[in-house]
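Data block for structure-v8.csv (CSV, C-alpha atoms and all ligand atoms):
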```csv
chain,number,residue,atom,x,y,z
A,1139,MET,CA,12.2,-35.7,43.2
A,1140,GLU,CA,15.0,-37.9,44.6
A,1141,PHE,CA,18.1,-38.5,42.4
A,1142,ARG,CA,19.6,-42.0,42.8
A,1143,TYR,CA,22.0,-41.8,39.8
A,1144,CYS,CA,24.2,-39.0,38.6
A,1145,PRO,CA,22.4,-37.0,35.9
A,1146,ARG,CA,25.8,-36.3,34.3
A,1147,CYS,CA,27.5,-39.7,34.3
A,1148,ALA,CA,24.9,-42.2,35.6
A,1149,THR,CA,27.1,-43.3,38.5
A,1150,GLU,CA,25.2,-44.2,41.6
A,1151,LEU,CA,25.2,-41.2,44.1
A,1152,GLU,CA,26.5,-41.6,47.6
A,1153,MET,CA,25.4,-39.6,50.6
A,1154,ARG,CA,28.3,-37.3,51.6
A,1155,PRO,CA,28.2,-36.0,55.2
A,1156,SER,CA,28.1,-32.2,55.4
A,1157,GLY,CA,30.9,-30.4,57.2
A,1158,GLY,CA,28.6,-27.8,58.8
A,1159,PRO,CA,24.9,-27.1,59.5
A,1160,ASP,CA,23.9,-27.9,55.9
A,1161,PRO,CA,22.2,-31.2,55.3
A,1162,ASP,CA,24.1,-34.2,53.9
A,1163,ARG,CA,23.9,-34.3,50.1
A,1164,PRO,CA,23.8,-37.0,47.5
A,1165,THR,CA,27.2,-36.7,45.6
A,1166,CYS,CA,28.6,-38.5,42.6
A,1167,PRO,CA,31.8,-40.3,43.5
A,1168,ASN,CA,32.9,-40.3,39.9
A,1169,CYS,CA,32.5,-36.7,38.6
A,1170,GLY,CA,31.8,-34.8,41.8
A,1171,PHE,CA,28.2,-33.7,40.9
A,1172,VAL,CA,26.3,-32.6,44.0
A,1173,HIS,CA,22.5,-32.9,44.2
A,1174,TYR,CA,21.1,-29.8,46.0
A,1175,GLU,CA,17.5,-30.5,46.9
A,1176,ASN,CA,16.3,-26.9,46.9
A,1177,PRO,CA,12.6,-26.1,47.1
A,1178,THR,CA,10.7,-24.3,44.3
A,1179,PRO,CA,9.0,-21.1,45.4
A,1180,THR,CA,5.2,-21.0,45.3
A,1181,VAL,CA,2.7,-18.4,46.4
A,1182,GLN,CA,-0.6,-18.6,48.3
A,1183,ALA,CA,-3.0,-15.7,48.5
A,1184,TRP,CA,-5.2,-15.1,51.5
A,1185,ILE,CA,-7.7,-12.7,50.0
A,1186,GLU,CA,-9.6,-11.0,52.8
A,1187,ARG,CA,-13.1,-9.4,52.3
A,1188,ASP,CA,-15.5,-8.6,55.1
A,1189,GLY,CA,-13.8,-10.9,57.5
A,1190,ARG,CA,-13.8,-13.9,55.1
A,1191,TYR,CA,-11.2,-15.5,52.9
A,1192,LEU,CA,-11.5,-17.0,49.5
A,1193,ALA,CA,-10.9,-20.7,49.1
A,1194,LEU,CA,-11.0,-22.7,45.8
A,1195,ARG,CA,-11.8,-26.3,45.4
A,1196,ARG,CA,-9.2,-27.9,43.2
A,1197,ASN,CA,-10.2,-29.3,39.8
A,1198,GLU,CA,-6.8,-30.7,39.0
A,1199,GLU,CA,-4.4,-33.3,40.5
A,1200,PRO,CA,-2.7,-33.3,42.9
A,1201,LYS,CA,-5.4,-33.1,45.6
A,1202,LYS,CA,-8.3,-32.8,43.2
A,1203,GLY,CA,-11.5,-32.0,45.1
A,1204,GLU,CA,-9.7,-30.5,48.1
A,1205,TRP,CA,-9.8,-26.8,49.1
A,1206,ASN,CA,-6.8,-24.6,48.7
A,1207,MET,CA,-5.7,-21.0,48.2
A,1208,PRO,CA,-5.4,-19.2,45.0
A,1209,GLY,CA,-1.8,-19.4,44.1
A,1210,GLY,CA,0.9,-21.4,42.2
A,1211,PHE,CA,4.5,-21.4,41.1
A,1212,VAL,CA,6.5,-18.2,40.9
A,1213,GLU,CA,7.7,-17.4,37.4
A,1214,ALA,CA,11.4,-16.4,36.8
A,1215,GLY,CA,11.8,-12.7,37.4
A,1216,GLU,CA,8.7,-12.2,39.5
A,1217,THR,CA,8.6,-11.0,43.0
A,1218,GLY,CA,6.4,-13.0,45.4
A,1219,PRO,CA,3.7,-10.4,45.6
A,1220,GLU,CA,3.7,-10.1,41.7
A,1221,ALA,CA,3.3,-13.8,41.4
A,1222,ALA,CA,0.4,-13.8,44.0
A,1223,ALA,CA,-1.4,-11.0,42.3
A,1224,ARG,CA,-1.0,-12.7,38.9
A,1225,GLU,CA,-2.2,-16.1,40.1
A,1226,VAL,CA,-5.2,-14.5,41.8
A,1227,LEU,CA,-6.2,-12.7,38.7
A,1228,GLU,CA,-5.9,-15.8,36.6
A,1229,GLU,CA,-7.8,-18.0,38.9
A,1230,THR,CA,-10.4,-15.7,40.3
A,1231,GLY,CA,-10.8,-12.6,38.1
A,1232,LEU,CA,-10.0,-10.4,41.1
A,1233,GLU,CA,-7.5,-7.7,41.2
A,1234,VAL,CA,-5.7,-7.5,44.6
A,1235,ASP,CA,-3.2,-5.6,46.5
A,1236,VAL,CA,-0.8,-7.7,48.5
A,1237,VAL,CA,-0.8,-6.0,52.0
A,1238,GLU,CA,1.1,-8.5,54.2
A,1239,HIS,CA,3.7,-11.2,53.9
A,1240,LEU,CA,2.6,-13.9,56.4
A,1241,GLY,CA,5.6,-16.2,56.1
A,1242,ALA,CA,7.5,-18.7,54.0
A,1243,PHE,CA,6.6,-22.3,54.8
A,1244,PRO,CA,8.2,-25.5,53.5
A,1245,SER,CA,5.9,-28.1,51.9
A,1246,THR,CA,5.7,-30.6,49.1
A,1247,TYR,CA,3.7,-30.6,45.9
A,1248,GLY,CA,2.6,-33.9,44.6
A,1249,SER,CA,3.1,-37.3,46.2
A,1250,GLY,CA,5.3,-40.3,46.3
A,1251,GLU,CA,8.3,-40.3,43.8
A,1252,ASP,CA,7.0,-37.1,42.2
A,1253,ALA,CA,6.7,-35.1,45.4
A,1254,GLN,CA,8.5,-31.8,44.8
A,1255,PRO,CA,9.8,-29.7,47.7
A,1256,ILE,CA,8.3,-26.3,47.6
A,1257,ILE,CA,8.4,-23.2,49.8
A,1258,GLY,CA,5.1,-21.5,50.0
A,1259,LEU,CA,5.2,-17.7,50.3
A,1260,ALA,CA,2.0,-16.7,52.0
A,1261,TYR,CA,0.4,-13.3,51.5
A,1262,ARG,CA,-2.7,-11.5,52.8
A,1263,CYS,CA,-4.4,-9.6,50.0
A,1264,LEU,CA,-7.3,-7.1,49.7
A,1265,VAL,CA,-9.5,-6.8,46.6
A,1266,THR,CA,-9.1,-3.6,44.6
A,1267,GLY,CA,-11.0,-4.5,41.5
A,1268,GLY,CA,-12.0,-7.0,38.9
A,1269,ALA,CA,-15.0,-9.3,38.9
A,1270,GLU,CA,-15.1,-12.7,40.6
A,1271,GLU,CA,-14.9,-15.4,37.9
A,1272,ILE,CA,-13.4,-18.7,39.1
A,1273,SER,CA,-11.3,-20.3,36.4
A,1274,ASP,CA,-11.5,-24.0,35.2
A,1275,GLU,CA,-8.6,-24.8,37.5
A,1276,SER,CA,-11.2,-24.9,40.3
A,1277,GLU,CA,-14.6,-26.6,40.7
A,1278,GLU,CA,-15.8,-23.7,42.8
A,1279,GLY,CA,-14.8,-20.8,45.0
A,1280,SER,CA,-16.3,-19.8,48.4
A,1281,TRP,CA,-15.6,-17.2,51.1
A,1282,PHE,CA,-15.1,-18.6,54.6
A,1283,THR,CA,-14.4,-17.1,58.1
A,1284,LEU,CA,-11.2,-18.4,59.6
A,1285,ALA,CA,-13.3,-20.5,62.1
A,1286,ASP,CA,-15.2,-22.2,59.3
A,1287,PHE,CA,-12.3,-22.5,56.8
A,1288,PRO,CA,-11.9,-25.9,55.3
A,1289,GLU,CA,-8.6,-27.9,55.8
A,1290,PRO,CA,-6.3,-26.7,53.0
A,1291,ALA,CA,-4.8,-29.3,50.7
A,1292,PHE,CA,-1.1,-28.4,51.3
A,1293,ARG,CA,1.0,-28.2,54.4
A,1294,ASP,CA,2.2,-24.7,53.8
A,1295,GLU,CA,-1.4,-23.5,53.6
A,1296,ARG,CA,-2.3,-25.3,56.7
A,1297,VAL,CA,0.5,-23.6,58.6
A,1298,ALA,CA,-0.6,-20.2,57.3
A,1299,LEU,CA,-4.2,-20.9,58.3
A,1300,ALA,CA,-3.0,-21.8,61.9
A,1301,LEU,CA,-1.0,-18.6,62.0
A,1302,LEU,CA,-4.0,-16.5,61.0
A,1303,ARG,CA,-6.3,-18.3,63.5
A,1304,ASP,CA,-3.7,-17.8,66.3
A,1305,ARG,CA,-3.5,-14.1,65.9
A,1306,ARG,CA,-7.2,-13.5,65.3
A,1307,PRO,CA,-9.0,-15.6,67.8
A,1308,GLY,CA,-12.7,-16.2,67.0
B,1,ZN,ZN,28.7,-38.1,37.9
```
What would you get if you wrote out this structure as structure tokens?
Ligand SMILES: [Zn+2]
Amino acid sequence: MEFRYCPRCATELEMRPSGGPDPDRPTCPNCGFVHYENPTPTVQAWIERDGRYLALRRNEEPKKGEWNMPGGFVEAGETGPEAAAREVLEETGLEVDVVEHLGAFPSTYGSGEDAQPIIGLAYRCLVTGGAEEISDESEEGSWFTLADFPEPAFRDERVALALLRDRRPG
């Protein structure tokens, strides 16, 4: 989401150059409001079982019909692993242990004017319980080897997939 006008006083924002390594920021010349474009944290869960990972086919926009990882937005007060385990349980019925933090990758959610900057926290998880039952948020779920894994819908997931493929050739 890009702000053009000040949300406080409706004056048109101007780009103010940053003094340091920070990016330039839209600033209100009238009241001094500064628009910080900070990403919203999301989680993506790479659930590993017998050398395969679970992917879900999205049943909702954006990117309806494309594959992606179980995951979603972090709730206030949650740790990343807590958010990942919660989303996995909601979307797949599986209980998981988060065993590895793969990285934090910038991306966007949505498209055009509604595109929202996110930072995807990627985790590798192992199944500890539950029974697989894919929620209505997805059309289907399927387990893929890394070699056969479909192109994920979001950039942060594609980066994580490349990382997993790089360190486990074949
Ligand atoms: Zn203002």
Problem set entry | 8 Å shell around ligand ZN 1 (chain B) using all atoms listed in the file, listed as a list of chain:residue names | A:Tyr1143, A:Cys1144, A:Pro1145, A:Arg1146, A:Cys1147, A:Ala1148, A:Thr1149, A:Glu1150, A:Leu1151, A:Thr1165, A:Cys1166, A:Pro1167, A:Asn1168, A:Cys1169, A:Gly1170, A:Phe1171
Pull C-alpha atoms from the residues just selected and write them as a short mmCIF file (atom, residue, chain, number, x, y, z; two decimals), in the frame of the given file.
```
data_model
loop_
_atom_site.label_atom_id
_atom_site.label_comp_id
_atom_site.auth_asym_id
_atom_site.auth_seq_id
_atom_site.Cartn_x
_atom_site.Cartn_y
_atom_site.Cartn_z
CA TYR A 1143 22.00 -41.80 39.80
CA CYS A 1144 24.20 -39.00 38.60
CA PRO A 1145 22.40 -37.00 35.90
CA ARG A 1146 25.80 -36.30 34.30
CA CYS A 1147 27.50 -39.70 34.30
CA ALA A 1148 24.90 -42.20 35.60
CA THR A 1149 27.10 -43.30 38.50
CA GLU A 1150 25.20 -44.20 41.60
CA LEU A 1151 25.20 -41.20 44.10
CA THR A 1165 27.20 -36.70 45.60
CA CYS A 1166 28.60 -38.50 42.60
CA PRO A 1167 31.80 -40.30 43.50
CA ASN A 1168 32.90 -40.30 39.90
CA CYS A 1169 32.50 -36.70 38.60
CA GLY A 1170 31.80 -34.80 41.80
CA PHE A 1171 28.20 -33.70 40.90
#
```
Problem set entry | Between atom CA of A:Phe1282 and atom CA of A:Val1236, distance in Å (one decimal) |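 Distance reported for this atom pair: 19.0 Å.
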For this session: For A:Leu1232, please output as a PyMOL selection string all residues within 7 Å (counting all atoms listed in the file; exclusion window: fewer than 2 positions along the same chain).
Result: chain A and resi 1226-1227+1230+1234+1265+1267-1270
Problem set entry | Atom-to-atom span, atom CA of A:Glu1152 and atom CA of A:Glu1251, Å | 18.6 Å
For this session: Within 6 Å of (-11.5, -13.1, 60.7) (coordinates as in the file), grab all the protein and nucleic acid residues, counting only C-alpha atoms, and write them out as number ranges by chain.
Result: A: 1189, 1283-1284
Problem set entry | Exercise: residues within 8 Å of coordinate (4.0, -20.4, 51.9), counting only C-alpha atoms, as a PyMOL selection string | chain A and resi 1180-1182+1241-1245+1257-1261+1294-1295+1298
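Distances to A:Thr1246 were evaluated for A:Gly1203, A:Pro1179, A:Pro1155, A:Gly1215 using all atoms listed in the file, and the minimum falls at A:Pro1179.
A straight line drawn from atom CA of A:Asp1162 to atom CA of A:Phe1211 is 26.7 Å long.
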Just save stretch 1139-1178 of chain A with N, CA and C atoms, as a PDB file, in the first residue's frame.
```pdb
ATOM      1  N   MET A1139       0.861  -1.199   0.000  1.00  0.00           N
ATOM      2  CA  MET A1139       0.000   0.000   0.000  1.00  0.00           C
ATOM      3  C   MET A1139       0.886   1.234   0.000  1.00  0.00           C
ATOM      4  N   GLU A1140       0.660   2.107  -1.001  1.00  0.00           N
ATOM      5  CA  GLU A1140       1.469   3.316  -1.092  1.00  0.00           C
ATOM      6  C   GLU A1140       0.629   4.522  -0.680  1.00  0.00           C
ATOM      7  N   PHE A1141       1.133   5.286   0.251  1.00  0.00           N
ATOM      8  CA  PHE A1141       0.445   6.493   0.673  1.00  0.00           C
ATOM      9  C   PHE A1141       0.821   7.642  -0.253  1.00  0.00           C
ATOM     10  N   ARG A1142      -0.178   8.364  -0.787  1.00  0.00           N
ATOM     11  CA  ARG A1142       0.131   9.579  -1.557  1.00  0.00           C
ATOM     12  C   ARG A1142      -0.174  10.820  -0.727  1.00  0.00           C
ATOM     13  N   TYR A1143      -1.174  10.703   0.149  1.00  0.00           N
ATOM     14  CA  TYR A1143      -1.589  11.849   0.960  1.00  0.00           C
ATOM     15  C   TYR A1143      -1.419  11.519   2.439  1.00  0.00           C
ATOM     16  N   CYS A1144      -1.190  12.547   3.202  1.00  0.00           N
ATOM     17  CA  CYS A1144      -0.983  12.370   4.629  1.00  0.00           C
ATOM     18  C   CYS A1144      -2.259  11.825   5.290  1.00  0.00           C
ATOM     19  N   PRO A1145      -2.177  10.693   6.017  1.00  0.00           N
ATOM     20  CA  PRO A1145      -3.369  10.154   6.666  1.00  0.00           C
ATOM     21  C   PRO A1145      -3.838  11.027   7.830  1.00  0.00           C
ATOM     22  N   ARG A1146      -3.014  11.983   8.278  1.00  0.00           N
ATOM     23  CA  ARG A1146      -3.413  12.880   9.372  1.00  0.00           C
ATOM     24  C   ARG A1146      -4.062  14.145   8.851  1.00  0.00           C
ATOM     25  N   CYS A1147      -3.440  14.789   7.822  1.00  0.00           N
ATOM     26  CA  CYS A1147      -3.923  16.113   7.415  1.00  0.00           C
ATOM     27  C   CYS A1147      -4.210  16.213   5.927  1.00  0.00           C
ATOM     28  N   ALA A1148      -4.055  15.103   5.175  1.00  0.00           N
ATOM     29  CA  ALA A1148      -4.427  15.026   3.760  1.00  0.00           C
ATOM     30  C   ALA A1148      -3.560  15.877   2.834  1.00  0.00           C
ATOM     31  N   THR A1149      -2.456  16.406   3.347  1.00  0.00           N
ATOM     32  CA  THR A1149      -1.499  17.113   2.485  1.00  0.00           C
ATOM     33  C   THR A1149      -0.751  16.082   1.636  1.00  0.00           C
ATOM     34  N   GLU A1150      -0.399  16.464   0.413  1.00  0.00           N
ATOM     35  CA  GLU A1150       0.345  15.537  -0.432  1.00  0.00           C
ATOM     36  C   GLU A1150       1.735  15.283   0.163  1.00  0.00           C
ATOM     37  N   LEU A1151       2.117  14.009   0.215  1.00  0.00           N
ATOM     38  CA  LEU A1151       3.410  13.650   0.796  1.00  0.00           C
ATOM     39  C   LEU A1151       4.537  13.951  -0.190  1.00  0.00           C
ATOM     40  N   GLU A1152       5.698  14.258   0.346  1.00  0.00           N
ATOM     41  CA  GLU A1152       6.892  14.484  -0.470  1.00  0.00           C
ATOM     42  C   GLU A1152       7.952  13.476  -0.073  1.00  0.00           C
ATOM     43  N   MET A1153       8.741  13.079  -1.057  1.00  0.00           N
ATOM     44  CA  MET A1153       9.820  12.149  -0.755  1.00  0.00           C
ATOM     45  C   MET A1153      10.967  12.915  -0.116  1.00  0.00           C
ATOM     46  N   ARG A1154      11.320  12.538   1.103  1.00  0.00           N
ATOM     47  CA  ARG A1154      12.448  13.192   1.794  1.00  0.00           C
ATOM     48  C   ARG A1154      13.646  12.259   1.765  1.00  0.00           C
ATOM     49  N   PRO A1155      14.761  12.771   1.248  1.00  0.00           N
ATOM     50  CA  PRO A1155      15.938  11.898   1.222  1.00  0.00           C
ATOM     51  C   PRO A1155      16.395  11.526   2.623  1.00  0.00           C
ATOM     52  N   SER A1156      16.835  10.303   2.755  1.00  0.00           N
ATOM     53  CA  SER A1156      17.327   9.819   4.040  1.00  0.00           C
ATOM     54  C   SER A1156      18.752  10.293   4.268  1.00  0.00           C
ATOM     55  N   GLY A1157      19.130  10.494   5.523  1.00  0.00           N
ATOM     56  CA  GLY A1157      20.484  10.924   5.822  1.00  0.00           C
ATOM     57  C   GLY A1157      21.471   9.771   5.859  1.00  0.00           C
ATOM     58  N   GLY A1158      20.974   8.556   5.991  1.00  0.00           N
ATOM     59  CA  GLY A1158      21.881   7.420   6.161  1.00  0.00           C
ATOM     60  C   GLY A1158      21.546   6.283   5.233  1.00  0.00           C
ATOM     61  N   PRO A1159      21.767   5.075   5.702  1.00  0.00           N
ATOM     62  CA  PRO A1159      21.501   3.918   4.837  1.00  0.00           C
ATOM     63  C   PRO A1159      20.012   3.577   4.723  1.00  0.00           C
ATOM     64  N   ASP A1160      19.164   4.192   5.533  1.00  0.00           N
ATOM     65  CA  ASP A1160      17.726   3.939   5.428  1.00  0.00           C
ATOM     66  C   ASP A1160      17.209   4.432   4.076  1.00  0.00           C
ATOM     67  N   PRO A1161      16.085   3.858   3.619  1.00  0.00           N
ATOM     68  CA  PRO A1161      15.510   4.349   2.357  1.00  0.00           C
ATOM     69  C   PRO A1161      14.904   5.740   2.528  1.00  0.00           C
ATOM     70  N   ASP A1162      14.743   6.465   1.387  1.00  0.00           N
ATOM     71  CA  ASP A1162      13.991   7.721   1.396  1.00  0.00           C
ATOM     72  C   ASP A1162      12.557   7.408   1.799  1.00  0.00           C
ATOM     73  N   ARG A1163      11.901   8.373   2.481  1.00  0.00           N
ATOM     74  CA  ARG A1163      10.550   8.081   2.953  1.00  0.00           C
ATOM     75  C   ARG A1163       9.594   9.203   2.585  1.00  0.00           C
ATOM     76  N   PRO A1164       8.346   8.827   2.207  1.00  0.00           N
ATOM     77  CA  PRO A1164       7.333   9.848   2.003  1.00  0.00           C
ATOM     78  C   PRO A1164       7.043  10.554   3.330  1.00  0.00           C
ATOM     79  N   THR A1165       7.094  11.897   3.295  1.00  0.00           N
ATOM     80  CA  THR A1165       6.951  12.699   4.504  1.00  0.00           C
ATOM     81  C   THR A1165       5.956  13.829   4.237  1.00  0.00           C
ATOM     82  N   CYS A1166       5.179  14.199   5.263  1.00  0.00           N
ATOM     83  CA  CYS A1166       4.210  15.285   5.115  1.00  0.00           C
ATOM     84  C   CYS A1166       4.896  16.621   5.387  1.00  0.00           C
ATOM     85  N   PRO A1167       4.904  17.537   4.389  1.00  0.00           N
ATOM     86  CA  PRO A1167       5.548  18.832   4.602  1.00  0.00           C
ATOM     87  C   PRO A1167       4.761  19.728   5.567  1.00  0.00           C
ATOM     88  N   ASN A1168       3.513  19.361   5.842  1.00  0.00           N
ATOM     89  CA  ASN A1168       2.667  20.184   6.716  1.00  0.00           C
ATOM     90  C   ASN A1168       2.798  19.787   8.183  1.00  0.00           C
ATOM     91  N   CYS A1169       2.587  18.494   8.488  1.00  0.00           N
ATOM     92  CA  CYS A1169       2.554  18.096   9.907  1.00  0.00           C
ATOM     93  C   CYS A1169       3.736  17.224  10.314  1.00  0.00           C
ATOM     94  N   GLY A1170       4.569  16.832   9.356  1.00  0.00           N
ATOM     95  CA  GLY A1170       5.754  16.061   9.721  1.00  0.00           C
ATOM     96  C   GLY A1170       5.553  14.562   9.773  1.00  0.00           C
ATOM     97  N   PHE A1171       4.336  14.084   9.453  1.00  0.00           N
ATOM     98  CA  PHE A1171       4.090  12.637   9.421  1.00  0.00           C
ATOM     99  C   PHE A1171       5.090  11.967   8.475  1.00  0.00           C
ATOM    100  N   VAL A1172       5.655  10.852   8.900  1.00  0.00           N
ATOM    101  CA  VAL A1172       6.561  10.067   8.047  1.00  0.00           C
ATOM    102  C   VAL A1172       5.921   8.715   7.798  1.00  0.00           C
ATOM    103  N   HIS A1173       5.852   8.321   6.539  1.00  0.00           N
ATOM    104  CA  HIS A1173       5.297   7.002   6.210  1.00  0.00           C
ATOM    105  C   HIS A1173       6.421   5.977   6.156  1.00  0.00           C
ATOM    106  N   TYR A1174       6.437   5.074   7.126  1.00  0.00           N
ATOM    107  CA  TYR A1174       7.398   3.983   7.152  1.00  0.00           C
ATOM    108  C   TYR A1174       6.753   2.792   6.476  1.00  0.00           C
ATOM    109  N   GLU A1175       7.362   2.315   5.403  1.00  0.00           N
ATOM    110  CA  GLU A1175       6.778   1.173   4.714  1.00  0.00           C
ATOM    111  C   GLU A1175       7.438  -0.099   5.233  1.00  0.00           C
ATOM    112  N   ASN A1176       6.932  -0.593   6.343  1.00  0.00           N
ATOM    113  CA  ASN A1176       7.513  -1.773   6.974  1.00  0.00           C
ATOM    114  C   ASN A1176       6.711  -3.018   6.613  1.00  0.00           C
ATOM    115  N   PRO A1177       7.395  -4.129   6.375  1.00  0.00           N
ATOM    116  CA  PRO A1177       6.684  -5.337   5.969  1.00  0.00           C
ATOM    117  C   PRO A1177       5.954  -5.992   7.141  1.00  0.00           C
ATOM    118  N   THR A1178       4.883  -6.670   6.806  1.00  0.00           N
ATOM    119  CA  THR A1178       4.144  -7.452   7.794  1.00  0.00           C
ATOM    120  C   THR A1178       4.736  -8.865   7.837  1.00  0.00           C
TER     121      THR A1178
END
```
